[in-house]
Amino acid sequence: MKINYLSDTDLSESDLQKMGGKAQSLARLAHQFPVPPGFVLFQEANELDQAIQKIGGFPVAVRSSGSLEDMANASFAGLYETFLFIQNPNELKEAIKKCFDSRHSHRVKDYLATKKIEWNPESLSMSVLVQRMVDAKIAGVLFTLNPTNGREEEIYLEFCEGVGERLVSGHVTPSRVTYNWQTDEVLNVAINDEKTTIDQKHLKELIDLALRIQAFYGKPQDIEWAIGKDDKVYILQSRPVTTLTPREDKPELTNADLKDGGISARVCSPLMFSAYREALKISMGDYFKRISLIPNDEKVQWLHYHYGRVYWNAEAVKEGLKKLPDFNEEDFDRDLGIQKDYGAAGPHKTPTTVSSVVAAIPVLIGLNREFRDCENMIAQFRVRFEAQDEELKKDLSSLKKMNDAIFKKWFLEVILFQNETEKNYFRTIYNNSNFQTEYKSYLKKLPEYQEGDEIDLMTELHGVSHLDVQGGLGKLSKIADFYGYDSRSYYSARQEFLKYHYHHGPAELDLMVPRWGENKEWVDELVKSYVYVPSTGESKFRKTFDRIADQMGLVRRRKFYGMTERSREFLRVREEMRSYSTRAYYLLRQGLLEFAKRNGISDFDIFMWDLVEVKRYLLGLVGAPDIHLRKLYYEGYRAFTPPNEFGGSIKAMKSSANGLKGLGCSPGEIVGRARVIMDIHKTNELTKEDILITAFTDPGWTPVLARVGGVVTEVGGLLSHAAVIGREYGIPAILNLIDATKLIQDGDLIKMNGKTGIVEVLEKGPKS
């Protein structure tokens with residue numbers, strides 16, 4: 001019988017998967033962290049003397065390790081058997097037998113039923129972990145994210161004298177410590193009746209281990225630990241934190257439009273956050289002051305960084321917008337994809353009364369003036385942008401040859417250029433959002449209005465910048481089919497394509513990810529999976545527009561025409577400004593990589609800096625920052641699924657009790673096979689017979705959406721990128737369907753209606 005030791009260096013992924021949750025986790029940690037020596041059994045065994053000697057002899061601890069244990073949403077804590085201080089072979093044999101038998105216990109089956117976890121005898125397999133017993137003077141648990149308040153900067157510890165089993169089983173009240181690792185201070189201490197304390201040396205060691213283990217697994221951890229009588233710290237278990245209490249010490253925050261837009265689609269680097277922050281902290285405050293929604297001297301933190309993601313201050317934005325007559329919080333949230341349970345009070349609605357209209361006159365005047373000013377700004381900026389971008393871009397080929405003084409001047413110009421571009425892009429977003437709210441309010445008051453007209457009137461915009469990519473891929477596909485991918489004709493055509501689309505990539509708002517101009521093979525992948533998308537004509541838009549306009553008199557029709565055209569133009573220029581933003585980020589990325597090279601900084605480490613630090617370093621005002629904790633934090637949240645909204649009075653939305661209903665964002669009805677895909681690099685096999693089910697998309701997914709029959713995402717709103725592209729491709733799109741990737745199984749035959757937002761499962765797919 002083969003015995004797998006935790007210290008084995010040749011364990012395959014298959015070996016690890018068989019070990020069950022607890023043993024697998026410790027085997028992964030054993031080579032980098034102080035895990036007691038041990039081995040794993042997959043069946044009962046009689047002769048273990050040699051294995052026991054190899055791990056240091058008796059006494060040992062014997063623990064069950066179930067295949068369904070320590071899951072992301074189910075820990076199975078305390079449900080399986082554990083035996084401590086096993087002193088001889090007979091006790092060992094008996095303990096091993098009881099551990100294997102524990103998988104069939106009623107409490108395990110009850111837990112499975114409560115958690116709604118499907119299982120069979122094979123999936124409920126069990127291994128047994130045997131480890132050298134730690135003779136503990138103190139033992140406890142810690143959470144790398146405070147489970148009582150959701151604060152990720154706080155590590156929460158509970159501990160007692162002796163072994164941790166006393167604490168876990170509830171036989172003793174533990175001592176407690178809350179520690180802020182960002183400020184390096186103890187926030188709270190509660191000592192138990194046994195007067196159990198932990199010294200500063202061991203506390204610091206535990207904090208360091210906790211942050212490193214969290215970074216190792218990429219998500220917050222629940223860790224069991226012990227300090228032995230030999231004064232060493234040992235890690236006894238690590239599993240994901242399964243329950244998050246979102247923090248309430250912040251205003252109402254959301255990542256709506258940031259997740260579907262890209263920056264919060266994955267863990268965000270400190271540098272990317274700082275680039276956003278520097279633009280938004282000025283642009284959003286200036287915008288609200290220009291339209292008289294906040295006083296000129298009011299200071300608001302508009303952007304926040306939590307759980308490794310970016311959030312914006314929805315509470316402050318809504319407080320300003322509530323001053324507008326007819327403001328409807330639910331409509332505002334729906335457009336942007338904010339997921340909020342309004343409770344018994346319901347969403348805020350500002351009534352239209354004489355007093356509210358009079359009070360809002362300065363705001364309404366300011367809004368209309370700002371709409372005009374923004375349109376003028378865009379017309380002027382596009383000319384200025386093209387000239388500046390061309391000037392800065394032409395120096396890229398000689399970047400490496402520049403002396404430090406010339407490079408510094410060029411790079412500071414790039415940083416300023418990116419900041420100005422981003423501020424103007426954000427200004428366009430604000431105006432687009434507010435005009436669409438005004439337009440829909442106007443539309444719904446028309447006697448000719450029918451439910452869903454606003455979606456039809458957003459279709460077939462034409463001239464959306466991201467769709468130019470699809471046309472270019474189509475030309476490349478024809479050349480590749482005729483001449484071949486290795487031909488000079490194809491290479492030449494690809495180079496021409498990249499002259500215009502070099503700045504795109506699979507994750508356009510992650511500065512750490514290369515662009516097509518840096519990795520041409522990604523373009524080849526897209527060309528190979530290219531699907532022609534025929535023009536949808538103007539059926540949906542024209543049919544709805546004509547139906548409404550034909551019932552109107554001349555004056556009302558003229559206003560309807562003007563409002564509709566302005567709404568559509570704002571949608572189009574928002575995508576145009578997004579493209580300018582992406583191009584500016586390309587220049588910023590090239591500058592950062594060259595800056596890093598010149599200063600002996602790795603390509604990874606530079607993105608752990610703050611952009612302000614980069615500027616100040618270039619100007620000789622500061623040295624290099626200490627980024628050790630930032631790296632651990634970034635790595636520690638790379639695989640975490642954060643809340644989309646939290647803080648203030650917000651309550652998280654739950655999956656719909658009425659079945660599968662999201663937000664209809666692009667009209668059309670289709671039946672197809674659901675393809676649940678979370679990674680853009682796994683989309684090459686998608687066809688028009690498939691309906692893509694994913695958590696979210698960002699601009700990098702634009703070519704992917706051309707290949708599918710429909711798309712369903714867990715986040716997003718009517719103004720989100722996926723909604724705009726879905727409407728332009730003429731495919732049905734449903735966004736904001738909470739838990740879609742869990743509720744819909746890969747291979748299910750489904751019917752989706754992109755206008756009503758309803759998904760029906762017609763036939764379950766095969767079990768994976």
# chains A, B, ... in the order shown; residues from 1 in each chain; ligands from 1

$ residues_around --residues "region 393-405 of chain A" --least-positions-apart "4" --cutoff "10 Å" --atoms "only C-alpha atoms" --output "list in words"
Ala387, Gln388, Asp389, Lys409, Trp410, Phe411, Val414, Arg583, Ala584, Tyr586, Leu587, Gln590, Gly591, Glu594, Phe595, Lys597, Arg598 and Leu618 of chain A

$ residues_around --residues "region 509-512 of chain A" --least-positions-apart "2" --cutoff "7 Å" --atoms "only C-alpha atoms" --output "list in words"
Gly262, Ile263, Met272, Ala507, Pro514, Arg589 and Phe607 of chain A

$ write_last_selection --atoms "N, CA, C and O atoms" --output "tab-separated table (two decimals), in the first residue's frame"
chain	number	residue	atom	x	y	z
A	262	GLY	N	-14.38	46.41	-16.27
A	262	GLY	CA	-13.06	45.80	-16.31
A	262	GLY	C	-12.20	45.96	-15.09
A	262	GLY	O	-11.54	45.03	-14.68
A	263	ILE	N	-12.17	47.15	-14.45
A	263	ILE	CA	-11.18	47.37	-13.39
A	263	ILE	C	-11.45	46.52	-12.15
A	263	ILE	O	-10.52	46.15	-11.44
A	272	MET	N	-3.00	50.41	-10.71
A	272	MET	CA	-4.21	50.62	-11.51
A	272	MET	C	-5.25	51.38	-10.70
A	272	MET	O	-5.93	52.29	-11.21
A	507	ALA	N	-7.67	41.78	-21.13
A	507	ALA	CA	-8.08	42.44	-19.88
A	507	ALA	C	-7.62	43.89	-19.98
A	507	ALA	O	-6.55	44.24	-19.48
A	514	PRO	N	-0.45	42.12	-20.81
A	514	PRO	CA	0.01	42.63	-22.11
A	514	PRO	C	-1.15	42.88	-23.07
A	514	PRO	O	-2.23	42.31	-22.93
A	589	ARG	N	1.34	51.94	-19.65
A	589	ARG	CA	1.95	50.62	-19.38
A	589	ARG	C	3.37	50.56	-19.95
A	589	ARG	O	4.29	50.09	-19.27
A	607	PHE	N	3.86	47.38	-10.52
A	607	PHE	CA	2.41	47.57	-10.42
A	607	PHE	C	1.92	47.54	-8.98
A	607	PHE	O	0.73	47.74	-8.73

$ residues_around --residues "Asp8 (chain A)" --least-positions-apart "5" --cutoff "12 Å" --atoms "only C-alpha atoms" --output "ChimeraX atom specification"
/A:3,15-16,26-31,37-40

$ write_last_selection --atoms "all heavy atoms" --output "mmCIF file, in the first residue's frame"
data_model
loop_
_atom_site.group_PDB
_atom_site.id
_atom_site.type_symbol
_atom_site.label_atom_id
_atom_site.label_comp_id
_atom_site.auth_asym_id
_atom_site.auth_seq_id
_atom_site.Cartn_x
_atom_site.Cartn_y
_atom_site.Cartn_z
ATOM 1 N N ILE A 3 1.920 4.986 0.682
ATOM 2 C CA ILE A 3 1.628 6.027 1.664
ATOM 3 C C ILE A 3 2.148 7.348 1.122
ATOM 4 O O ILE A 3 3.306 7.456 0.715
ATOM 5 C CB ILE A 3 2.285 5.702 3.021
ATOM 6 C CG1 ILE A 3 1.634 4.462 3.642
ATOM 7 C CG2 ILE A 3 2.162 6.895 3.971
ATOM 8 C CD1 ILE A 3 2.257 4.026 4.937
ATOM 9 N N ASP A 15 -2.896 13.098 -7.007
ATOM 10 C CA ASP A 15 -2.636 12.625 -5.632
ATOM 11 C C ASP A 15 -3.245 13.580 -4.616
ATOM 12 O O ASP A 15 -3.875 13.155 -3.640
ATOM 13 C CB ASP A 15 -1.130 12.525 -5.375
ATOM 14 C CG ASP A 15 -0.453 11.433 -6.189
ATOM 15 O OD1 ASP A 15 -1.145 10.445 -6.533
ATOM 16 O OD2 ASP A 15 0.740 11.573 -6.496
ATOM 17 N N LEU A 16 -3.046 14.867 -4.846
ATOM 18 C CA LEU A 16 -3.539 15.873 -3.899
ATOM 19 C C LEU A 16 -5.059 15.869 -3.828
ATOM 20 O O LEU A 16 -5.639 15.965 -2.742
ATOM 21 C CB LEU A 16 -3.036 17.261 -4.311
ATOM 22 C CG LEU A 16 -1.537 17.511 -4.106
ATOM 23 C CD1 LEU A 16 -1.095 18.755 -4.867
ATOM 24 C CD2 LEU A 16 -1.206 17.657 -2.624
ATOM 25 N N LEU A 26 -2.861 20.947 3.711
ATOM 26 C CA LEU A 26 -1.590 20.887 4.444
ATOM 27 C C LEU A 26 -0.453 20.392 3.560
ATOM 28 O O LEU A 26 0.694 20.837 3.703
ATOM 29 C CB LEU A 26 -1.744 20.005 5.676
ATOM 30 C CG LEU A 26 -2.649 20.589 6.774
ATOM 31 C CD1 LEU A 26 -2.854 19.589 7.903
ATOM 32 C CD2 LEU A 26 -2.060 21.884 7.324
ATOM 33 N N ALA A 27 -0.740 19.468 2.649
ATOM 34 C CA ALA A 27 0.299 18.982 1.736
ATOM 35 C C ALA A 27 0.790 20.111 0.835
ATOM 36 O O ALA A 27 1.979 20.199 0.522
ATOM 37 C CB ALA A 27 -0.238 17.827 0.894
ATOM 38 N N ARG A 28 -0.127 20.970 0.420
ATOM 39 C CA ARG A 28 0.273 22.106 -0.422
ATOM 40 C C ARG A 28 1.125 23.093 0.368
ATOM 41 O O ARG A 28 2.042 23.723 -0.171
ATOM 42 C CB ARG A 28 -0.966 22.812 -0.978
ATOM 43 C CG ARG A 28 -1.754 21.989 -1.986
ATOM 44 C CD ARG A 28 -2.930 22.788 -2.538
ATOM 45 N NE ARG A 28 -3.842 21.968 -3.313
ATOM 46 C CZ ARG A 28 -3.678 21.623 -4.580
ATOM 47 N NH1 ARG A 28 -2.591 22.023 -5.229
ATOM 48 N NH2 ARG A 28 -4.567 20.878 -5.211
ATOM 49 N N LEU A 29 0.813 23.241 1.662
ATOM 50 C CA LEU A 29 1.531 24.208 2.491
ATOM 51 C C LEU A 29 2.872 23.690 3.009
ATOM 52 O O LEU A 29 3.769 24.476 3.338
ATOM 53 C CB LEU A 29 0.669 24.599 3.703
ATOM 54 C CG LEU A 29 -0.622 25.372 3.443
ATOM 55 C CD1 LEU A 29 -1.407 25.535 4.743
ATOM 56 C CD2 LEU A 29 -0.316 26.741 2.848
ATOM 57 N N ALA A 30 3.009 22.372 3.074
ATOM 58 C CA ALA A 30 4.106 21.749 3.833
ATOM 59 C C ALA A 30 5.500 22.182 3.401
ATOM 60 O O ALA A 30 6.424 22.195 4.219
ATOM 61 C CB ALA A 30 3.988 20.221 3.755
ATOM 62 N N HIS A 31 5.687 22.545 2.145
ATOM 63 C CA HIS A 31 7.030 22.871 1.669
ATOM 64 C C HIS A 31 7.417 24.324 1.906
ATOM 65 O O HIS A 31 8.576 24.685 1.742
ATOM 66 C CB HIS A 31 7.140 22.537 0.177
ATOM 67 C CG HIS A 31 6.936 21.083 -0.098
ATOM 68 N ND1 HIS A 31 7.872 20.122 0.208
ATOM 69 C CD2 HIS A 31 5.872 20.413 -0.604
ATOM 70 C CE1 HIS A 31 7.409 18.929 -0.117
ATOM 71 N NE2 HIS A 31 6.195 19.076 -0.606
ATOM 72 N N PRO A 37 5.046 17.135 10.486
ATOM 73 C CA PRO A 37 5.185 16.034 9.533
ATOM 74 C C PRO A 37 4.028 15.052 9.640
ATOM 75 O O PRO A 37 3.469 14.849 10.726
ATOM 76 C CB PRO A 37 6.518 15.391 9.915
ATOM 77 C CG PRO A 37 6.766 15.822 11.320
ATOM 78 C CD PRO A 37 6.145 17.161 11.473
ATOM 79 N N GLY A 38 3.663 14.438 8.501
ATOM 80 C CA GLY A 38 2.547 13.505 8.537
ATOM 81 C C GLY A 38 2.426 12.725 7.252
ATOM 82 O O GLY A 38 3.184 12.920 6.301
ATOM 83 N N PHE A 39 1.452 11.815 7.222
ATOM 84 C CA PHE A 39 1.175 11.038 6.018
ATOM 85 C C PHE A 39 -0.319 10.839 5.877
ATOM 86 O O PHE A 39 -1.093 11.071 6.821
ATOM 87 C CB PHE A 39 1.919 9.694 6.032
ATOM 88 C CG PHE A 39 1.600 8.805 7.213
ATOM 89 C CD1 PHE A 39 0.510 7.944 7.205
ATOM 90 C CD2 PHE A 39 2.424 8.811 8.338
ATOM 91 C CE1 PHE A 39 0.222 7.118 8.280
ATOM 92 C CE2 PHE A 39 2.148 7.985 9.426
ATOM 93 C CZ PHE A 39 1.045 7.137 9.405
ATOM 94 N N VAL A 40 -0.737 10.394 4.674
ATOM 95 C CA VAL A 40 -2.158 10.275 4.352
ATOM 96 C C VAL A 40 -2.467 8.841 3.934
ATOM 97 O O VAL A 40 -1.742 8.244 3.131
ATOM 98 C CB VAL A 40 -2.549 11.244 3.212
ATOM 99 C CG1 VAL A 40 -4.051 11.164 2.928
ATOM 100 C CG2 VAL A 40 -2.151 12.667 3.553
#

$ closest_residue --among "A:Asn736, A:Gln380, A:Gln495, A:Asn180" --to "Asn146 (chain A)" --atoms "only C-alpha atoms"
A:Asn180

$ closest_residue --among "A:Thr702, A:Asn368, A:Ser720, A:Gln301" --to "Ile429 (chain A)" --atoms "only C-alpha atoms"
A:Ser720

$ select_by_dssp --residues "region 136-198 of chain A" --states "alpha helix (DSSP H)" --output "NGL selection string"
:A and (165-168)

$ residues_around --residues "Ala723 (chain A)" --least-positions-apart "5" --cutoff "12 Å" --atoms "only C-alpha atoms" --output "NGL selection string"
:A and (257 or 260-261 or 335-337 or 455-456 or 458-460 or 571 or 575 or 663-667 or 696-699 or 702 or 705 or 710-713 or 715-718 or 728-736 or 754-755)

$ closest_residue --among "A:Val555, A:Ile235, A:Leu632, A:Leu157" --to "Ser25 (chain A)" --atoms "only C-alpha atoms"
A:Ile235

$ residues_around --residues "Phe385 (chain A)" --least-positions-apart "2" --cutoff "12 Å" --atoms "only C-alpha atoms" --output "number ranges by chain"
A: 377-383, 387-393, 414, 417-418, 420-422, 424-425, 576-577, 579-581, 583-584

$ atom_distance --atom1 "CA of Glu330 (chain A)" --atom2 "CA of Thr350 (chain A)"
11.5 Å
